[in-house]
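J.: Got a structure for you, questions after.
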Amino acid sequence: MPATTYGAWSLLPLILAIGVAIKTRKAVIGLFLGVWSGGAIYRYFDGVDLAASLFSGVGLPSYEPLNIVVGIIIAGFWGSIDALQWISESVGESVFNMQIILLVLFLGSAIAMIWKLGGTLAAAEKVTEYVDSKRKAGLAAWLMGIGLFFDDYANAAIVGTTMKDISDELNMSREKLSYIVDSTAAPVSTLALSSWVAFQMSMINTGYEATDIPASEVPSSFLIFIKSIPFNMYSILAIVMVGIIVVTQRDFGAMLSAEHRARETGKVNGEKAQPMQDIKGELGEPIEGAPRMLRTFFVPVLVLLGVVTVGAIITGYEPGRTLREILINANYIFTIVVGSFAMVGSTWYYAYFYDYMSVGESVDTSVKGFKIMLTPLTILVLAWTIGSVVEQLGTGEYVATYATMVLTPETLPIVVLLIGSFMAFTMGDSWAVMAVLTPIAVPLAWELTASHTMVAVVVGATFSGAIFGDHSSPVAPTTVLAATFTGADLIDHVRTQVYYALTVVAVSTVLLLTWGYGSPIWGRSIWAAVALLLVGSVLLTGIVYFLSGWDARRKNISATVTNHETHSLEAGDD
């Protein structure tokens, strides 16, 4: 059935999923209703046809309004069967998705073991001797996120797990830590050698295959990627925005309220928050009498990093490949799964070697670690499924049909960014956005301008749209995992982050429009885009200072940490 058949109805599952999740603060209920409604819409025409056939079969005259009413009821039941089928397929038919499930379970086990061994508290106590303020904690999380550029999931897992208890000691809100992790992990993965870049390069090749350019004249996909980096403005400025927020210690919107709450009350999560994981509540206190040793925290983390590094080289190696090619072609998800399993093994070693736990107790603790990840995993599976639903209903194609009516060389990057944003927001899958949008945008850019630079521009705009959509969507796996590993409430994470995401995408849009309409002055210059990024960084700094001051005055609270509060943090009183 053609995707356009469903028209505006294809938007309903997403609206229902997000609306119910925000209203009830029950993401699972909202997502399931979204999946079910998608199944009902998908089967609407079949339901009406079946109703008409049933009436005809028993000799009753066909009456269209009655056919529609009965058809809707049939579609509701039929759609629930499709919904369950899609949920099953989202797990059972994807090796990648199953690897993510194993990763989350193993990390849950490792986190539980480290907590019971006292490693988490030992690390928090030691690190806070040096990281003695929110600014330093934020900078540490931000710089770690930039350094772990090879995979966004590993980034969120490592930085979130490492910094959560440290930031708690300093009364940084979980929303703030989630924002730092989420708004660094995925953006940096689109700018350096990573699995994201390897996939996007393959999509660039696919896009060029759809043009009339002879194969001998097609430029290297890696060269196009390099040229696209300055035009991936949202990703670059999102990372810059995190730095600005952390260094200035200024917030606005819902994040200002969250930070004020954490600072004044010590509550790192809100009153109605439902954290994606609550280790202390689920596991109780660490083992009584066990000395708190730093090695029980840092050795497992180093084991994870070491296995991932070695595994990346092994899985990416083929005779004749350069180091760059090895890193690009590495199977990061598989190596992270293996690394997380080795991480669990290292915690079991310490539990047994120091006689802290018997094998049976280690098994019980690991199983409890699995349990604390059940809610995040449920949301993750339903988020994958809602992505399948909007794909079945053709939501992205429906929006793209109208967006392409306004294409000019100047507006093309903005249209690509907005379509990518909407698709990522609805599907929750940035890679699916790149897979669908890049092969369309590349030939469009070539047809409009016959310029390889413009191809690089739309590649950067695709990345930007995919990441912004992810940051704004509660159904995006990266958003779910960031909230999971920082122990934040999913809806609170999205609600506080979206103010910053919208600010960055607004500035990025203005910069791309300026670059496009300014081409008579500077041509299609890449260096003009670089200069505009510097302007954008200054603009963001000014916006943060203005909005934080205005919002603080409006709420009658402090816009930043006062000297007294900073002293209290450094003295360990907060």
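FYI, nothing fancy with the structure tokens labels: chains A, B, ... in order, residues from 1 per chain, ligands from 1 as they appear.
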Using DSSP assignments from the backbone, pull out every residue in segment 229-475 of chain A that falls under alpha helix (DSSP H) and give it to me as JSON, numbers by chain.
T.: {"A": [233, 234, 235, 236, 237, 238, 239, 240, 241, 242, 243, 244, 245, 246, 247, 248, 254, 255, 256, 257, 258, 259, 260, 261, 262, 263, 264, 265, 279, 280, 281, 282, 283, 295, 296, 297, 298, 299, 300, 301, 302, 303, 304, 305, 306, 307, 308, 309, 310, 311, 312, 313, 314, 315, 316, 323, 324, 325, 326, 327, 328, 329, 332, 333, 334, 335, 336, 337, 338, 339, 340, 341, 342, 343, 344, 345, 346, 347, 348, 349, 350, 351, 352, 353, 359, 360, 361, 362, 363, 364, 365, 366, 367, 368, 369, 370, 371, 372, 374, 375, 376, 377, 378, 379, 380, 381, 382, 383, 384, 385, 386, 387, 388, 389, 390, 391, 392, 393, 395, 396, 397, 398, 399, 400, 401, 402, 403, 412, 413, 414, 415, 416, 417, 418, 419, 420, 421, 422, 423, 424, 425, 426, 427, 430, 431, 432, 433, 434, 435, 436, 437, 438, 439, 440, 441, 442, 443, 444, 445, 446, 447, 448, 449, 452, 453, 454, 455, 456, 457, 458, 459, 460, 461, 462, 463, 464, 465, 466, 467, 468, 469, 470, 471, 472]}
J.: Counting only C-alpha atoms, which residues of segment 149-209 of chain A sit at most 10 Å from some atom of segment 105-118 of chain A, and what is each one's closest atom pair with its distance in Å to one decimal, listed by chain and rising residue number, as a tab-separated table?
T.:
residue	atom	partner	partner_atom	distance
A:Ala157	CA	A:Leu107	CA	7.8
A:Ile158	CA	A:Leu107	CA	9.4
A:Thr161	CA	A:Ile111	CA	7.5
A:Thr162	CA	A:Ile111	CA	9.8
J.: Give me the residues within 12 Å of Leu14 of chain A as a PyMOL selection string, counting only C-alpha atoms and dropping any in the same chain fewer than 3 places off.
T.: chain A and resi 8-11+17-21+30-38+382-383+385-391+393+395-396+422-428+473-475
J.: Would you mind exporting the chosen residues as a compact mmCIF listing (two decimals), in the first residue's frame, restricted to N, CA and C atoms?
T.:
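Saved to selection_35.txt:
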# COMPACT_ATOMS: atom_id res chain seq x y z
N ALA A 8 -1.90 12.62 6.60
CA ALA A 8 -1.64 13.22 7.92
C ALA A 8 -1.87 12.22 9.05
N TRP A 9 -2.64 11.16 8.79
CA TRP A 9 -2.86 10.15 9.83
C TRP A 9 -1.55 9.47 10.23
N SER A 10 -0.57 9.48 9.34
CA SER A 10 0.71 8.85 9.67
C SER A 10 1.44 9.56 10.80
N LEU A 11 1.00 10.79 11.13
CA LEU A 11 1.61 11.55 12.22
C LEU A 11 1.05 11.17 13.58
N ALA A 17 2.12 8.90 21.12
CA ALA A 17 3.20 8.33 21.95
C ALA A 17 3.84 9.41 22.82
N ILE A 18 4.21 10.51 22.20
CA ILE A 18 4.91 11.56 22.94
C ILE A 18 3.96 12.32 23.87
N GLY A 19 2.74 12.58 23.39
CA GLY A 19 1.77 13.30 24.21
C GLY A 19 1.42 12.55 25.48
N VAL A 20 1.13 11.26 25.35
CA VAL A 20 0.78 10.44 26.52
C VAL A 20 1.99 10.30 27.46
N ALA A 21 3.18 10.11 26.89
CA ALA A 21 4.38 9.95 27.71
C ALA A 21 4.64 11.20 28.55
N GLY A 30 2.89 5.43 26.75
CA GLY A 30 2.79 6.29 25.57
C GLY A 30 3.32 5.61 24.32
N LEU A 31 4.47 4.97 24.43
CA LEU A 31 5.07 4.31 23.28
C LEU A 31 4.22 3.13 22.81
N PHE A 32 3.68 2.36 23.75
CA PHE A 32 2.85 1.22 23.33
C PHE A 32 1.58 1.70 22.63
N LEU A 33 0.95 2.75 23.16
CA LEU A 33 -0.24 3.29 22.50
C LEU A 33 0.10 3.81 21.10
N GLY A 34 1.29 4.41 20.96
CA GLY A 34 1.72 4.87 19.65
C GLY A 34 1.88 3.71 18.68
N VAL A 35 2.50 2.62 19.15
CA VAL A 35 2.67 1.44 18.30
C VAL A 35 1.31 0.84 17.93
N TRP A 36 0.43 0.71 18.92
CA TRP A 36 -0.89 0.12 18.66
C TRP A 36 -1.69 0.98 17.69
N SER A 37 -1.70 2.29 17.90
CA SER A 37 -2.46 3.17 17.00
C SER A 37 -1.90 3.10 15.58
N GLY A 38 -0.57 2.95 15.48
CA GLY A 38 0.03 2.78 14.15
C GLY A 38 -0.46 1.51 13.48
N LEU A 382 10.41 -0.52 22.51
CA LEU A 382 9.24 0.18 21.98
C LEU A 382 9.65 1.37 21.11
N ALA A 383 10.78 2.00 21.45
CA ALA A 383 11.29 3.10 20.62
C ALA A 383 11.71 2.58 19.25
N THR A 385 10.41 0.04 17.84
CA THR A 385 9.17 -0.35 17.18
C THR A 385 8.44 0.86 16.62
N ILE A 386 8.40 1.96 17.37
CA ILE A 386 7.71 3.15 16.86
C ILE A 386 8.41 3.67 15.61
N GLY A 387 9.72 3.43 15.53
CA GLY A 387 10.45 3.78 14.32
C GLY A 387 9.98 2.94 13.14
N SER A 388 9.72 1.67 13.38
CA SER A 388 9.20 0.79 12.32
C SER A 388 7.80 1.21 11.91
N VAL A 389 7.00 1.65 12.89
CA VAL A 389 5.63 2.06 12.61
C VAL A 389 5.59 3.25 11.66
N VAL A 390 6.36 4.29 11.98
CA VAL A 390 6.32 5.48 11.12
C VAL A 390 6.93 5.18 9.75
N GLU A 391 7.83 4.20 9.70
CA GLU A 391 8.37 3.78 8.41
C GLU A 391 7.29 3.07 7.59
N LEU A 393 4.10 3.51 7.82
CA LEU A 393 3.08 4.48 7.45
C LEU A 393 3.60 5.56 6.51
N THR A 395 5.63 8.16 7.16
CA THR A 395 5.58 9.50 7.75
C THR A 395 6.64 10.42 7.15
N GLY A 396 7.87 9.91 7.05
CA GLY A 396 8.95 10.72 6.51
C GLY A 396 8.71 11.13 5.07
N PHE A 422 12.81 15.98 11.52
CA PHE A 422 11.49 15.39 11.74
C PHE A 422 11.55 13.87 11.68
N MET A 423 12.30 13.35 10.71
CA MET A 423 12.40 11.90 10.58
C MET A 423 13.07 11.28 11.81
N ALA A 424 14.13 11.90 12.30
CA ALA A 424 14.82 11.38 13.48
C ALA A 424 13.94 11.51 14.72
N PHE A 425 13.19 12.61 14.79
CA PHE A 425 12.28 12.82 15.92
C PHE A 425 11.20 11.75 15.96
N THR A 426 10.67 11.40 14.78
CA THR A 426 9.58 10.42 14.73
C THR A 426 10.09 8.98 14.79
N MET A 427 11.17 8.70 14.07
CA MET A 427 11.66 7.33 13.99
C MET A 427 12.58 6.98 15.14
N GLY A 428 13.23 7.99 15.72
CA GLY A 428 14.17 7.73 16.80
C GLY A 428 15.40 6.98 16.34
N SER A 473 13.85 13.96 20.88
CA SER A 473 12.87 12.87 20.86
C SER A 473 13.04 11.90 22.03
N PRO A 474 11.95 11.61 22.74
CA PRO A 474 12.03 10.62 23.81
C PRO A 474 12.05 9.18 23.30
N VAL A 475 11.91 8.99 21.98
CA VAL A 475 11.95 7.63 21.43
C VAL A 475 13.29 7.31 20.80
J.: Determine, counting only C-alpha atoms, which protein, DNA and RNA residues have an atom within 12 Å of an atom of Ile166 of chain A; residues of the same chain fewer than 5 positions away are not included. Present the result as a PyMOL selection string.
T.: chain A and resi 119-134+136-138+140-141+159-161+171-174+177+268+486
J.: What's the separation between atom CA of Arg295 of chain A and atom CA of Val307 of chain A, in Å to one decimal place?
T.: 17.2 Å
J.: Give me the residues near Leu237 of chain A as a short mmCIF file (atom, residue, chain, number, x, y, z; two decimals) with all heavy atoms, in the first residue's frame, where near means some atom within 8 Å (using only C-alpha atoms) and where sequence neighbours in that chain fewer than 3 positions away do not count.
T.:
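selection.cif, written as the output of this step:
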data_model
loop_
_atom_site.label_atom_id
_atom_site.label_comp_id
_atom_site.auth_asym_id
_atom_site.auth_seq_id
_atom_site.Cartn_x
_atom_site.Cartn_y
_atom_site.Cartn_z
N MET A 233 26.63 21.83 11.25
CA MET A 233 26.68 22.92 12.22
C MET A 233 26.00 22.59 13.54
O MET A 233 26.47 22.99 14.61
CB MET A 233 26.09 24.19 11.61
CG MET A 233 26.95 24.76 10.50
SD MET A 233 26.32 26.33 9.87
CE MET A 233 27.65 26.82 8.77
N TYR A 234 24.90 21.84 13.48
CA TYR A 234 24.23 21.53 14.74
C TYR A 234 25.14 20.70 15.64
O TYR A 234 25.25 20.98 16.84
CB TYR A 234 22.91 20.78 14.50
CG TYR A 234 22.27 20.39 15.82
CD1 TYR A 234 21.49 21.31 16.50
CD2 TYR A 234 22.50 19.15 16.41
CE1 TYR A 234 20.95 21.00 17.76
CE2 TYR A 234 21.97 18.82 17.65
CZ TYR A 234 21.19 19.75 18.31
OH TYR A 234 20.68 19.45 19.55
N VAL A 240 29.80 22.78 21.40
CA VAL A 240 30.21 24.10 21.89
C VAL A 240 29.24 24.59 22.97
O VAL A 240 29.65 25.14 24.00
CB VAL A 240 30.27 25.11 20.72
CG1 VAL A 240 30.46 26.54 21.26
CG2 VAL A 240 31.40 24.75 19.77
N MET A 241 27.93 24.37 22.74
CA MET A 241 26.92 24.81 23.69
C MET A 241 27.11 24.14 25.05
O MET A 241 26.99 24.80 26.10
CB MET A 241 25.52 24.48 23.14
CG MET A 241 24.37 24.93 24.03
SD MET A 241 24.20 26.73 24.04
CE MET A 241 22.51 26.89 24.65
N VAL A 504 20.31 25.79 19.68
CA VAL A 504 21.42 25.46 18.77
C VAL A 504 20.93 25.30 17.35
O VAL A 504 21.56 25.78 16.40
CB VAL A 504 22.15 24.19 19.25
CG1 VAL A 504 23.21 23.78 18.24
CG2 VAL A 504 22.81 24.43 20.60
N SER A 508 22.00 27.39 14.05
CA SER A 508 22.52 26.65 12.89
C SER A 508 21.74 26.97 11.63
O SER A 508 22.32 27.12 10.54
CB SER A 508 22.45 25.13 13.16
OG SER A 508 23.19 24.78 14.31
N LEU A 533 30.80 29.45 11.85
CA LEU A 533 30.76 28.66 13.08
C LEU A 533 31.33 29.45 14.26
O LEU A 533 30.82 29.36 15.38
CB LEU A 533 31.55 27.36 12.89
CG LEU A 533 30.86 26.25 12.09
CD1 LEU A 533 31.84 25.13 11.78
CD2 LEU A 533 29.65 25.70 12.86
N GLY A 536 28.71 31.77 15.20
CA GLY A 536 27.67 31.03 15.91
C GLY A 536 28.05 30.76 17.36
O GLY A 536 27.19 30.83 18.26
N SER A 537 29.31 30.48 17.62
CA SER A 537 29.77 30.24 18.99
C SER A 537 29.61 31.49 19.84
O SER A 537 29.18 31.43 21.00
CB SER A 537 31.23 29.79 18.99
OG SER A 537 31.39 28.60 18.24
#
J.: Using only C-alpha atoms, which protein or nucleic acid residues come within 7 Å of Pro413 of chain A? Drop anything in the same chain fewer than 4 positions from it, and give the result as a ChimeraX atom specification.
T.: /A:417,457-458,461
J.: Could the residues in this selection be saved with N, CA and C atoms as an mmCIF file, in the first residue's frame?
T.:
data_model
loop_
_atom_site.group_PDB
_atom_site.id
_atom_site.type_symbol
_atom_site.label_atom_id
_atom_site.label_comp_id
_atom_site.auth_asym_id
_atom_site.auth_seq_id
_atom_site.Cartn_x
_atom_site.Cartn_y
_atom_site.Cartn_z
ATOM 1 N N LEU A 417 17.896 19.657 6.532
ATOM 2 C CA LEU A 417 18.035 19.656 7.988
ATOM 3 C C LEU A 417 16.685 19.440 8.667
ATOM 4 N N VAL A 457 27.548 19.962 1.620
ATOM 5 C CA VAL A 457 26.671 20.768 2.477
ATOM 6 C C VAL A 457 25.459 19.948 2.925
ATOM 7 N N VAL A 458 24.812 19.245 1.981
ATOM 8 C CA VAL A 458 23.613 18.490 2.349
ATOM 9 C C VAL A 458 23.964 17.265 3.198
ATOM 10 N N ALA A 461 24.182 18.737 6.542
ATOM 11 C CA ALA A 461 22.829 19.079 7.003
ATOM 12 C C ALA A 461 22.062 17.828 7.428
#
J.: I need the residue nearest Thr248 of chain A from this list: A:Ser53, A:Asn155, A:Thr309, A:Thr560. Use only C-alpha atoms for the distance.
T.: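 Going through A:Ser53, A:Asn155, A:Thr309, A:Thr560 one by one, the smallest distance to Thr248 of chain A is for A:Thr560.
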J.: Hey, can you check how far atom CA of Leu540 of chain A sits from atom CA of Val498 of chain A?
T.: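 We find that atom CA of Leu540 of chain A and atom CA of Val498 of chain A lie 15.0 Å from each other.
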J.: Go ahead and compute the interatomic distance for atom CA of Ser221 of chain A and atom CA of Ile313 of chain A, in Å to one decimal.
T.: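 It comes out at 22.0 Å.
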J.: Of the candidates A:Thr438, A:Ser464, A:Thr449, A:Asn331, which shows the shortest atom-to-atom distance to Phe96 of chain A, using only C-alpha atoms?
T.: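 Comparing A:Thr438, A:Ser464, A:Thr449, A:Asn331 against Phe96 of chain A, the winner is A:Asn331.
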